[in-house]
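Quick look at start_21.tsv (TSV, C-alpha atoms):
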```tsv
chain	number	residue	atom	x	y	z
A	1	MET	CA	0.00	0.00	0.00
A	2	THR	CA	2.90	2.36	0.58
A	3	GLY	CA	4.33	2.48	-2.93
A	4	HIS	CA	1.53	4.52	-4.42
A	5	TRP	CA	0.65	6.62	-1.42
A	6	PRO	CA	1.45	10.30	-1.92
A	7	LYS	CA	4.38	11.67	-0.03
A	8	VAL	CA	3.02	13.52	3.00
A	9	ARG	CA	5.14	14.16	6.07
A	10	PRO	CA	3.97	12.69	9.38
A	11	GLY	CA	1.68	15.14	11.19
A	12	SER	CA	0.91	15.62	14.87
A	13	ALA	CA	-1.49	17.65	16.93
A	14	GLU	CA	1.34	20.09	17.72
A	15	ASP	CA	2.51	20.30	14.13
A	16	PRO	CA	-0.39	19.27	11.90
A	17	VAL	CA	-0.04	18.80	8.14
A	18	ARG	CA	-1.50	21.95	6.58
A	19	CYS	CA	-4.44	21.20	4.27
A	20	ALA	CA	-6.26	23.34	1.71
A	21	VAL	CA	-9.77	22.15	0.92
A	22	LEU	CA	-11.00	23.09	-2.56
A	23	ILE	CA	-14.77	23.27	-2.99
A	24	SER	CA	-17.33	24.43	-5.53
A	25	GLY	CA	-20.60	24.09	-3.65
A	26	SER	CA	-22.18	23.18	-0.35
A	27	GLY	CA	-18.95	22.05	1.24
A	28	SER	CA	-20.58	19.27	3.24
A	29	GLY	CA	-17.50	17.08	2.91
A	30	MET	CA	-15.27	19.96	3.95
A	31	VAL	CA	-17.42	20.53	7.04
A	32	ALA	CA	-17.12	16.87	7.99
A	33	LEU	CA	-13.34	17.01	7.59
A	34	VAL	CA	-12.90	20.24	9.57
A	35	LYS	CA	-15.14	18.93	12.35
A	36	HIS	CA	-13.00	15.80	12.51
A	37	GLN	CA	-9.84	17.90	12.68
A	38	GLN	CA	-11.26	20.19	15.36
A	39	HIS	CA	-12.79	17.48	17.53
A	40	ASP	CA	-10.03	14.85	17.54
A	41	PRO	CA	-7.34	16.17	19.91
A	42	ASN	CA	-4.75	13.87	18.28
A	43	CYS	CA	-5.54	14.79	14.68
A	44	GLY	CA	-2.33	15.26	12.70
A	45	HIS	CA	-3.80	17.51	10.00
A	46	ALA	CA	-5.58	20.87	9.93
A	47	THR	CA	-7.39	22.87	7.28
A	48	VAL	CA	-5.65	26.22	6.95
A	49	VAL	CA	-7.71	27.54	4.03
A	50	VAL	CA	-10.86	26.67	2.11
A	51	ILE	CA	-10.74	27.80	-1.51
A	52	SER	CA	-13.80	28.00	-3.73
A	53	ASN	CA	-13.93	28.68	-7.44
A	54	ARG	CA	-17.48	29.97	-7.03
A	55	PRO	CA	-18.33	33.05	-4.95
A	56	ASP	CA	-21.80	31.65	-4.18
A	57	ALA	CA	-20.50	28.36	-2.74
A	58	ALA	CA	-22.38	27.85	0.52
A	59	GLY	CA	-19.32	26.12	1.95
A	60	LEU	CA	-17.41	29.43	2.20
A	61	ARG	CA	-19.74	30.73	4.89
A	62	LYS	CA	-19.67	27.41	6.74
A	63	ALA	CA	-15.86	27.44	6.79
A	64	GLU	CA	-15.85	30.98	8.18
A	65	ASP	CA	-18.33	29.92	10.86
A	66	MET	CA	-15.88	27.21	11.90
A	67	GLY	CA	-13.02	29.72	12.07
A	68	VAL	CA	-11.25	28.59	8.90
A	69	ALA	CA	-9.73	31.12	6.48
A	70	THR	CA	-11.45	31.22	3.10
A	71	GLN	CA	-10.53	32.47	-0.30
A	72	CYS	CA	-12.73	32.78	-3.38
A	73	LEU	CA	-10.82	32.44	-6.61
A	74	ASP	CA	-13.50	32.73	-9.27
A	75	HIS	CA	-12.42	30.99	-12.46
A	76	ARG	CA	-14.69	33.37	-14.36
A	77	ASP	CA	-12.45	36.28	-13.37
A	78	HIS	CA	-10.18	35.16	-16.17
A	79	ALA	CA	-10.91	35.09	-19.90
A	80	GLY	CA	-9.19	34.17	-23.10
A	81	PRO	CA	-6.95	31.26	-24.03
A	82	SER	CA	-4.89	31.46	-20.83
A	83	ALA	CA	-7.90	31.75	-18.50
A	84	ARG	CA	-7.35	28.32	-17.00
A	85	ALA	CA	-3.63	28.93	-16.50
A	86	MET	CA	-4.26	32.27	-14.82
A	87	HIS	CA	-6.89	30.84	-12.51
A	88	GLU	CA	-4.68	27.91	-11.56
A	89	ALA	CA	-1.74	30.24	-10.95
A	90	ALA	CA	-3.91	32.14	-8.50
A	91	VAL	CA	-4.73	28.87	-6.72
A	92	VAL	CA	-1.05	27.91	-6.51
A	93	GLU	CA	-0.28	31.37	-5.12
A	94	ALA	CA	-2.89	30.88	-2.40
A	95	LEU	CA	-1.51	27.43	-1.57
A	96	VAL	CA	2.01	28.83	-1.23
A	97	HIS	CA	0.78	31.81	0.78
A	98	HIS	CA	-0.92	29.52	3.28
A	99	ARG	CA	2.06	27.12	3.32
A	100	VAL	CA	-0.23	24.26	2.28
A	101	GLU	CA	1.17	20.72	2.34
A	102	LEU	CA	-1.83	18.70	1.12
A	103	VAL	CA	-4.59	19.70	-1.30
A	104	VAL	CA	-7.94	18.07	-0.55
A	105	LEU	CA	-10.53	18.27	-3.31
A	106	SER	CA	-14.03	18.07	-1.90
A	107	GLY	CA	-16.72	18.60	-4.48
A	108	TYR	CA	-14.36	20.75	-6.54
A	109	MET	CA	-15.89	20.67	-10.00
A	110	ARG	CA	-12.87	21.68	-12.06
A	111	LEU	CA	-10.27	19.38	-13.55
A	112	LEU	CA	-6.74	20.39	-12.54
A	113	SER	CA	-4.30	20.67	-15.44
A	114	PRO	CA	-0.96	18.83	-15.60
A	115	THR	CA	0.65	22.28	-15.38
A	116	PHE	CA	-1.10	22.92	-12.06
A	117	LEU	CA	-0.06	19.55	-10.68
A	118	GLU	CA	3.54	20.12	-11.77
A	119	THR	CA	3.72	23.75	-10.60
A	120	TRP	CA	2.16	22.99	-7.24
A	121	GLY	CA	4.23	19.82	-6.94
A	122	GLY	CA	2.59	18.63	-3.73
A	123	PRO	CA	0.07	15.87	-3.09
A	124	VAL	CA	-3.56	16.25	-4.19
A	125	VAL	CA	-6.35	13.87	-3.18
A	126	ASN	CA	-9.98	13.66	-4.23
A	127	ILE	CA	-13.13	11.85	-3.20
A	128	HIS	CA	-15.48	10.53	-5.85
A	129	PRO	CA	-19.01	9.19	-5.24
A	130	SER	CA	-18.67	5.78	-6.87
A	131	LEU	CA	-16.50	2.66	-6.72
A	132	LEU	CA	-13.90	3.77	-9.26
A	133	PRO	CA	-12.97	2.78	-11.93
A	134	ALA	CA	-16.73	2.30	-12.31
A	135	PHE	CA	-18.74	5.45	-12.95
A	136	PRO	CA	-16.18	8.26	-13.21
A	137	GLY	CA	-17.27	11.76	-14.17
A	138	ALA	CA	-19.61	14.42	-12.92
A	139	HIS	CA	-22.86	12.40	-12.90
A	140	ALA	CA	-21.88	9.27	-11.01
A	141	HIS	CA	-25.17	8.71	-9.19
A	142	ARG	CA	-27.21	9.21	-12.37
A	143	ASP	CA	-24.98	6.75	-14.21
A	144	VAL	CA	-25.18	4.25	-11.33
A	145	LEU	CA	-28.99	4.35	-11.38
A	146	ALA	CA	-29.08	4.03	-15.18
A	147	ALA	CA	-26.82	0.96	-15.04
A	148	GLY	CA	-29.08	-0.79	-12.54
A	149	VAL	CA	-26.29	-1.81	-10.18
A	150	SER	CA	-27.19	-2.62	-6.60
A	151	VAL	CA	-23.87	-1.65	-5.05
A	152	THR	CA	-22.10	1.69	-5.39
A	153	GLY	CA	-19.86	3.55	-2.95
A	154	CYS	CA	-17.17	6.17	-2.71
A	155	THR	CA	-13.47	6.31	-3.51
A	156	VAL	CA	-10.60	8.44	-2.21
A	157	HIS	CA	-7.83	8.63	-4.79
A	158	VAL	CA	-4.68	10.50	-5.69
A	159	VAL	CA	-5.30	13.15	-8.34
A	160	ASP	CA	-3.43	12.83	-11.62
A	161	GLU	CA	-4.11	14.42	-15.00
A	162	GLY	CA	-7.06	12.18	-15.81
A	163	MET	CA	-10.68	12.45	-14.73
A	164	ASP	CA	-10.97	10.25	-11.62
A	165	THR	CA	-8.10	8.01	-12.72
A	166	GLY	CA	-5.43	8.38	-10.00
A	167	HIS	CA	-4.29	5.65	-7.63
A	168	ILE	CA	-7.05	4.46	-5.31
A	169	LEU	CA	-6.35	4.99	-1.61
A	170	ASP	CA	-9.53	3.50	-0.17
A	171	GLN	CA	-13.15	2.71	-1.02
A	172	VAL	CA	-16.36	1.92	0.82
A	173	PRO	CA	-19.39	0.16	-0.68
A	174	VAL	CA	-22.94	1.53	-0.31
A	175	PRO	CA	-26.13	-0.32	-1.32
A	176	VAL	CA	-28.43	1.00	-4.05
A	177	PHE	CA	-32.12	0.43	-3.37
A	178	PRO	CA	-34.76	-0.16	-6.05
A	179	ASP	CA	-36.64	3.05	-5.20
A	180	ASP	CA	-33.55	5.27	-5.11
A	181	ASP	CA	-33.33	8.54	-6.96
A	182	GLU	CA	-30.19	10.66	-7.30
A	183	THR	CA	-30.95	12.55	-4.08
A	184	SER	CA	-31.59	9.55	-1.86
A	185	LEU	CA	-28.56	7.74	-3.27
A	186	SER	CA	-26.31	10.80	-2.92
A	187	ASP	CA	-27.43	11.26	0.68
A	188	ARG	CA	-26.62	7.65	1.54
A	189	VAL	CA	-23.20	7.77	-0.14
A	190	LYS	CA	-22.36	11.09	1.53
A	191	VAL	CA	-22.66	9.48	4.96
A	192	GLU	CA	-19.80	7.17	4.00
A	193	GLU	CA	-17.84	9.90	2.22
A	194	HIS	CA	-17.85	11.95	5.39
A	195	ARG	CA	-16.37	9.02	7.32
A	196	LEU	CA	-13.94	7.79	4.68
A	197	TYR	CA	-12.20	11.02	3.70
A	198	PRO	CA	-11.03	12.04	7.21
A	199	ALA	CA	-9.97	8.43	7.91
A	200	VAL	CA	-7.82	8.25	4.76
A	201	ILE	CA	-6.21	11.62	5.52
A	202	ASP	CA	-5.50	10.37	9.05
A	203	ARG	CA	-3.60	7.49	7.47
A	204	LEU	CA	-1.80	9.78	5.00
A	205	VAL	CA	-0.29	11.81	7.84
A	206	ALA	CA	0.40	8.83	10.09
A	207	ASP	CA	4.06	8.07	10.64
A	208	ARG	CA	4.58	4.98	8.47
W	1	MET	CA	-37.22	-4.52	-9.81
W	2	THR	CA	-39.93	-6.48	-11.63
W	3	GLY	CA	-39.58	-5.01	-15.12
W	4	HIS	CA	-36.26	-6.55	-15.96
W	5	TRP	CA	-36.59	-9.77	-14.03
W	6	PRO	CA	-36.76	-12.81	-16.25
W	7	LYS	CA	-40.09	-14.55	-16.54
W	8	VAL	CA	-40.00	-17.58	-14.26
W	9	ARG	CA	-43.16	-19.18	-12.96
W	10	PRO	CA	-43.70	-19.30	-9.20
W	11	GLY	CA	-42.20	-22.45	-7.73
W	12	SER	CA	-43.06	-24.47	-4.64
W	13	ALA	CA	-41.60	-27.39	-2.75
W	14	GLU	CA	-44.28	-29.62	-4.31
W	15	ASP	CA	-43.73	-28.26	-7.80
W	16	PRO	CA	-40.25	-26.72	-7.93
W	17	VAL	CA	-38.97	-24.76	-10.92
W	18	ARG	CA	-36.69	-27.14	-12.82
W	19	CYS	CA	-33.12	-25.81	-13.10
W	20	ALA	CA	-30.18	-26.90	-15.23
W	21	VAL	CA	-26.80	-25.86	-13.87
W	22	LEU	CA	-24.10	-25.43	-16.51
W	23	ILE	CA	-20.52	-25.81	-15.30
W	24	SER	CA	-17.01	-26.10	-16.71
W	25	GLY	CA	-14.92	-26.88	-13.63
W	26	SER	CA	-15.05	-27.52	-9.91
W	27	GLY	CA	-18.75	-26.80	-9.59
W	28	SER	CA	-18.41	-25.24	-6.14
W	29	GLY	CA	-21.23	-22.80	-6.86
W	30	MET	CA	-23.40	-25.64	-8.17
W	31	VAL	CA	-22.76	-27.62	-4.96
W	32	ALA	CA	-23.81	-24.60	-2.85
W	33	LEU	CA	-27.00	-24.22	-4.88
W	34	VAL	CA	-27.95	-27.90	-4.77
W	35	LYS	CA	-27.28	-28.06	-1.02
W	36	HIS	CA	-29.56	-25.05	-0.56
W	37	GLN	CA	-32.25	-26.73	-2.66
W	38	GLN	CA	-31.93	-30.04	-0.79
W	39	HIS	CA	-31.78	-28.57	2.72
W	40	ASP	CA	-34.50	-25.90	2.57
W	41	PRO	CA	-37.82	-27.80	2.79
W	42	ASN	CA	-39.62	-24.80	1.28
W	43	CYS	CA	-37.28	-24.26	-1.65
W	44	GLY	CA	-39.24	-23.57	-4.83
W	45	HIS	CA	-36.54	-24.69	-7.27
W	46	ALA	CA	-34.58	-27.88	-7.90
W	47	THR	CA	-31.63	-28.84	-10.06
W	48	VAL	CA	-32.73	-31.58	-12.44
W	49	VAL	CA	-29.50	-31.80	-14.43
W	50	VAL	CA	-25.91	-30.57	-14.24
W	51	ILE	CA	-24.35	-30.10	-17.68
W	52	SER	CA	-20.62	-29.71	-18.22
W	53	ASN	CA	-18.82	-28.85	-21.43
W	54	ARG	CA	-15.71	-30.54	-20.07
W	55	PRO	CA	-15.55	-34.26	-19.26
W	56	ASP	CA	-12.91	-33.63	-16.57
W	57	ALA	CA	-15.02	-31.10	-14.66
W	58	ALA	CA	-14.81	-32.13	-11.00
W	59	GLY	CA	-18.33	-30.84	-10.48
W	60	LEU	CA	-19.83	-33.73	-12.44
W	61	ARG	CA	-18.81	-36.24	-9.80
W	62	LYS	CA	-19.97	-33.95	-6.99
W	63	ALA	CA	-23.40	-33.63	-8.62
W	64	GLU	CA	-23.68	-37.42	-8.93
W	65	ASP	CA	-22.74	-37.78	-5.27
W	66	MET	CA	-25.64	-35.47	-4.40
W	67	GLY	CA	-28.02	-37.55	-6.52
W	68	VAL	CA	-28.36	-35.09	-9.38
W	69	ALA	CA	-28.40	-36.23	-13.00
W	70	THR	CA	-25.39	-35.15	-15.04
W	71	GLN	CA	-24.62	-34.84	-18.68
W	72	CYS	CA	-21.30	-34.10	-20.31
W	73	LEU	CA	-21.61	-32.30	-23.62
W	74	ASP	CA	-18.03	-31.76	-24.71
W	75	HIS	CA	-17.78	-28.80	-27.05
W	76	ARG	CA	-14.67	-30.41	-28.54
W	77	ASP	CA	-16.84	-33.24	-29.89
W	78	HIS	CA	-17.77	-30.87	-32.68
W	79	ALA	CA	-15.50	-29.38	-35.32
W	80	GLY	CA	-15.73	-27.07	-38.27
W	81	PRO	CA	-17.60	-23.83	-38.84
W	82	SER	CA	-20.82	-25.08	-37.24
W	83	ALA	CA	-19.12	-26.61	-34.17
W	84	ARG	CA	-20.60	-24.01	-31.84
W	85	ALA	CA	-24.09	-24.42	-33.28
W	86	MET	CA	-23.94	-28.20	-33.01
W	87	HIS	CA	-22.72	-28.07	-29.42
W	88	GLU	CA	-25.39	-25.58	-28.44
W	89	ALA	CA	-28.08	-27.66	-30.18
W	90	ALA	CA	-27.02	-30.60	-28.01
W	91	VAL	CA	-27.36	-28.39	-24.91
W	92	VAL	CA	-30.84	-27.26	-25.97
W	93	GLU	CA	-31.81	-30.89	-26.57
W	94	ALA	CA	-30.70	-31.78	-23.05
W	95	LEU	CA	-32.64	-28.85	-21.59
W	96	VAL	CA	-35.78	-29.91	-23.40
W	97	HIS	CA	-35.28	-33.56	-22.46
W	98	HIS	CA	-35.06	-32.64	-18.76
W	99	ARG	CA	-37.97	-30.19	-19.07
W	100	VAL	CA	-35.75	-27.40	-17.76
W	101	GLU	CA	-37.36	-24.06	-16.90
W	102	LEU	CA	-34.34	-22.03	-15.76
W	103	VAL	CA	-30.71	-22.22	-16.92
W	104	VAL	CA	-28.20	-21.38	-14.20
W	105	LEU	CA	-24.64	-20.71	-15.39
W	106	SER	CA	-22.15	-21.43	-12.64
W	107	GLY	CA	-18.57	-21.14	-13.78
W	108	TYR	CA	-19.58	-22.03	-17.32
W	109	MET	CA	-16.72	-20.71	-19.40
W	110	ARG	CA	-18.43	-20.52	-22.78
W	111	LEU	CA	-20.33	-17.58	-24.18
W	112	LEU	CA	-23.84	-18.54	-25.31
W	113	SER	CA	-24.73	-17.40	-28.81
W	114	PRO	CA	-27.83	-15.33	-29.65
W	115	THR	CA	-29.04	-18.39	-31.56
W	116	PHE	CA	-28.85	-20.50	-28.40
W	117	LEU	CA	-30.72	-17.88	-26.38
W	118	GLU	CA	-33.41	-17.61	-29.04
W	119	THR	CA	-33.73	-21.36	-29.63
W	120	TRP	CA	-33.86	-22.18	-25.95
W	121	GLY	CA	-36.14	-19.21	-25.32
W	122	GLY	CA	-36.19	-19.56	-21.55
W	123	PRO	CA	-34.49	-17.55	-18.84
W	124	VAL	CA	-30.71	-17.82	-18.30
W	125	VAL	CA	-28.87	-16.33	-15.33
W	126	ASN	CA	-25.19	-16.11	-14.51
W	127	ILE	CA	-22.99	-15.16	-11.57
W	128	HIS	CA	-19.85	-13.12	-12.16
W	129	PRO	CA	-17.09	-12.51	-9.58
W	130	SER	CA	-17.01	-8.69	-9.70
W	131	LEU	CA	-19.30	-5.73	-9.24
W	132	LEU	CA	-20.42	-5.45	-12.87
W	133	PRO	CA	-20.21	-3.38	-15.04
W	134	ALA	CA	-16.72	-3.17	-13.53
W	135	PHE	CA	-14.31	-5.98	-14.44
W	136	PRO	CA	-16.23	-8.17	-16.89
W	137	GLY	CA	-14.49	-11.08	-18.60
W	138	ALA	CA	-12.70	-14.23	-17.63
W	139	HIS	CA	-10.00	-12.71	-15.38
W	140	ALA	CA	-12.01	-10.52	-13.04
W	141	HIS	CA	-9.90	-11.07	-9.91
W	142	ARG	CA	-6.65	-10.46	-11.79
W	143	ASP	CA	-8.08	-7.25	-13.25
W	144	VAL	CA	-9.39	-6.15	-9.84
W	145	LEU	CA	-5.95	-6.59	-8.27
W	146	ALA	CA	-4.23	-4.79	-11.16
W	147	ALA	CA	-6.61	-1.83	-10.79
W	148	GLY	CA	-5.84	-1.46	-7.09
W	149	VAL	CA	-9.46	-1.21	-6.01
W	150	SER	CA	-10.30	-1.98	-2.39
W	151	VAL	CA	-13.85	-3.17	-2.98
W	152	THR	CA	-14.98	-5.88	-5.37
W	153	GLY	CA	-17.85	-8.35	-5.12
W	154	CYS	CA	-20.13	-10.57	-7.15
W	155	THR	CA	-23.08	-10.02	-9.45
W	156	VAL	CA	-26.00	-12.19	-10.50
W	157	HIS	CA	-27.34	-11.07	-13.87
W	158	VAL	CA	-29.58	-12.10	-16.71
W	159	VAL	CA	-27.63	-13.51	-19.64
W	160	ASP	CA	-27.91	-11.74	-22.96
W	161	GLU	CA	-25.69	-11.88	-26.05
W	162	GLY	CA	-22.90	-9.80	-24.51
W	163	MET	CA	-20.09	-10.83	-22.18
W	164	ASP	CA	-21.39	-10.12	-18.65
W	165	THR	CA	-23.71	-7.35	-19.88
W	166	GLY	CA	-27.24	-8.48	-19.01
W	167	HIS	CA	-29.57	-6.87	-16.49
W	168	ILE	CA	-28.22	-6.99	-12.95
W	169	LEU	CA	-30.40	-8.88	-10.48
W	170	ASP	CA	-28.32	-8.42	-7.33
W	171	GLN	CA	-24.78	-7.70	-6.15
W	172	VAL	CA	-22.79	-8.04	-2.94
W	173	PRO	CA	-19.58	-6.15	-2.14
W	174	VAL	CA	-16.45	-7.87	-0.84
W	175	PRO	CA	-13.33	-6.10	0.47
W	176	VAL	CA	-9.96	-6.43	-1.26
W	177	PHE	CA	-7.01	-6.56	1.13
W	178	PRO	CA	-3.53	-5.21	0.34
W	179	ASP	CA	-1.90	-8.64	0.56
W	180	ASP	CA	-4.51	-10.41	-1.59
W	181	ASP	CA	-3.59	-12.61	-4.50
W	182	GLU	CA	-6.03	-14.11	-6.99
W	183	THR	CA	-6.57	-17.18	-4.82
W	184	SER	CA	-7.27	-15.41	-1.55
W	185	LEU	CA	-9.55	-12.90	-3.28
W	186	SER	CA	-11.38	-15.60	-5.22
W	187	ASP	CA	-11.91	-17.58	-2.00
W	188	ARG	CA	-13.37	-14.54	-0.22
W	189	VAL	CA	-15.68	-13.66	-3.11
W	190	LYS	CA	-16.86	-17.28	-3.45
W	191	VAL	CA	-18.23	-17.22	0.09
W	192	GLU	CA	-20.58	-14.45	-0.99
W	193	GLU	CA	-21.30	-16.03	-4.38
W	194	HIS	CA	-22.50	-19.17	-2.65
W	195	ARG	CA	-24.93	-17.13	-0.56
W	196	LEU	CA	-26.08	-14.71	-3.25
W	197	TYR	CA	-26.92	-17.09	-6.09
W	198	PRO	CA	-29.38	-19.31	-4.17
W	199	ALA	CA	-30.97	-16.20	-2.63
W	200	VAL	CA	-31.55	-14.56	-6.02
W	201	ILE	CA	-33.01	-17.77	-7.47
W	202	ASP	CA	-35.29	-17.98	-4.43
W	203	ARG	CA	-36.56	-14.54	-5.38
W	204	LEU	CA	-36.90	-15.47	-9.07
W	205	VAL	CA	-39.30	-18.30	-8.26
W	206	ALA	CA	-41.17	-16.42	-5.53
W	207	ASP	CA	-44.75	-15.57	-6.34
W	208	ARG	CA	-44.56	-11.84	-7.07
```

Before anything else, please render the file you have as structure tokens.
Amino acid sequence: MTGHWPKVRPGSAEDPVRCAVLISGSGSGMVALVKHQQHDPNCGHATVVVISNRPDAAGLRKAEDMGVATQCLDHRDHAGPSARAMHEAAVVEALVHHRVELVVLSGYMRLLSPTFLETWGGPVVNIHPSLLPAFPGAHAHRDVLAAGVSVTGCTVHVVDEGMDTGHILDQVPVPVFPDDDETSLSDRVKVEEHRLYPAVIDRLVADR
Amino acid sequence: MTGHWPKVRPGSAEDPVRCAVLISGSGSGMVALVKHQQHDPNCGHATVVVISNRPDAAGLRKAEDMGVATQCLDHRDHAGPSARAMHEAAVVEALVHHRVELVVLSGYMRLLSPTFLETWGGPVVNIHPSLLPAFPGAHAHRDVLAAGVSVTGCTVHVVDEGMDTGHILDQVPVPVFPDDDETSLSDRVKVEEHRLYPAVIDRLVADR
């Protein structure tokens, strides 16, 4: 299991690994992670900034309410052929400014370019609401229901240049019920997402 | 759940739905199914014949030991361009002879042609050792281990012309451990296969 795990230094409560959580929406996963970090006195990681690419992301307010710094870096502030590069440069600048050591994508709806990953150079993890490699992409629950499977789940993985293709760190299965719609299924999977993501990050910063 | 379920008449202990189990090897799934049928006094299905396409399939002897009729229909008995058709015609003849109502594939390593499915005309189900649509094909466990997933499972599905593509009837997840090899993973999945398949067939013959 160690070979493919991203390089993260061991963290401790006194010297936690500094995380940035990138969101685009409600930030429910971010809230679960920050609560875990704030409530476990031995937690070896801490969220030092929440970054949203959308100014209307409800998660920004929730982060502030929990005492976490926030930054809105609207990708629509940039235009033209280098819009993506300029937006990503602003994200890297924020990561450096906050001395971030681990980037945690949590409902962040933008694909990060190879240039970003190379420029930033540090570890990036993501959570996806399916049992990858099954059902990648932005509409996992819809695709799961269309396929008629009776088991889905969630996956924490390392982020590479692909869409939901990086090395899998851990997964949890979740049943699909015959009367499920996207909302009921998403709600059930989120319960497991909110447990799995903090647990995997705990392991990432554990002294191995 | 009813729309895509294959049409099988309700079965009872007095008048069980007549199953043929098709195997190619050890027949461990067939043994689990027959034991379930013989030990549950209310079981609404019974195996009336076990058919193997290989004379050396160990499952043939096990079926005989449990008092079930067996038939070996070696696909290598036929040659030339119509070899598949001739072999499948022999299988259909055996199904008709035994008045079979449900075909249960259990480690049967041959793809059934559209002609077979049309000629036979009755329901065919299969069990596959992965969470379909992930990891179809003959080397599911190997592919699962290569992909680095931490959850796999098994799937019972209706058989259509594709390879492991028919409508999913039920699935069960099984964890993958970091030190798994194909044997240890296969053993763990088989435990669930041997529970799932009889349970799904119970539901198929239940009066809905």

Go through W:Arg9, W:Arg54, W:His167, W:Arg188 and flag the residue nearest chain A, using all atoms listed in the file for the distances.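 Of W:Arg9, W:Arg54, W:His167, W:Arg188, the one nearest chain A is W:His167, counting all atoms listed in the file.
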
Please return, as an MDAnalysis selection string, all residues of chain W lying within 12 Å of chain A when all atoms listed in the file are considered. chainID W and resid 1:5 130:136 143:157 165:180

Could you tell me how far atom CA of A:Pro198 sits from atom CA of A:Glu14, in Å to one decimal place? 18.1 Å

Spatial neighbours of W:Ala89, 12 Å, only C-alpha atoms, chain gap at least 3 places, as JSON, numbers by chain: {"W": [73, 75, 78, 82, 83, 84, 85, 86, 92, 93, 94, 95, 96, 112, 113, 115, 116, 117, 118, 119, 120]}

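Compared by their closest atoms to A:Tyr197, and using only C-alpha atoms, the residues A:His141, A:Lys7, A:Arg61, A:His36 rank with A:His36 nearest.
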
One-decimal distance in Å that lies between atom CA of A:Val34 and atom CA of A:Thr183: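 We find that atom CA of A:Thr183 and atom CA of A:Val34 lie 23.9 Å from each other.
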
Residues around (-25.3, -29.8, -18.0), cut-off 10 Å, counting all atoms listed in the file - what are they as number ranges by chain? W: 20-24, 48-54, 60, 69-73, 91, 94-95, 103-105, 108
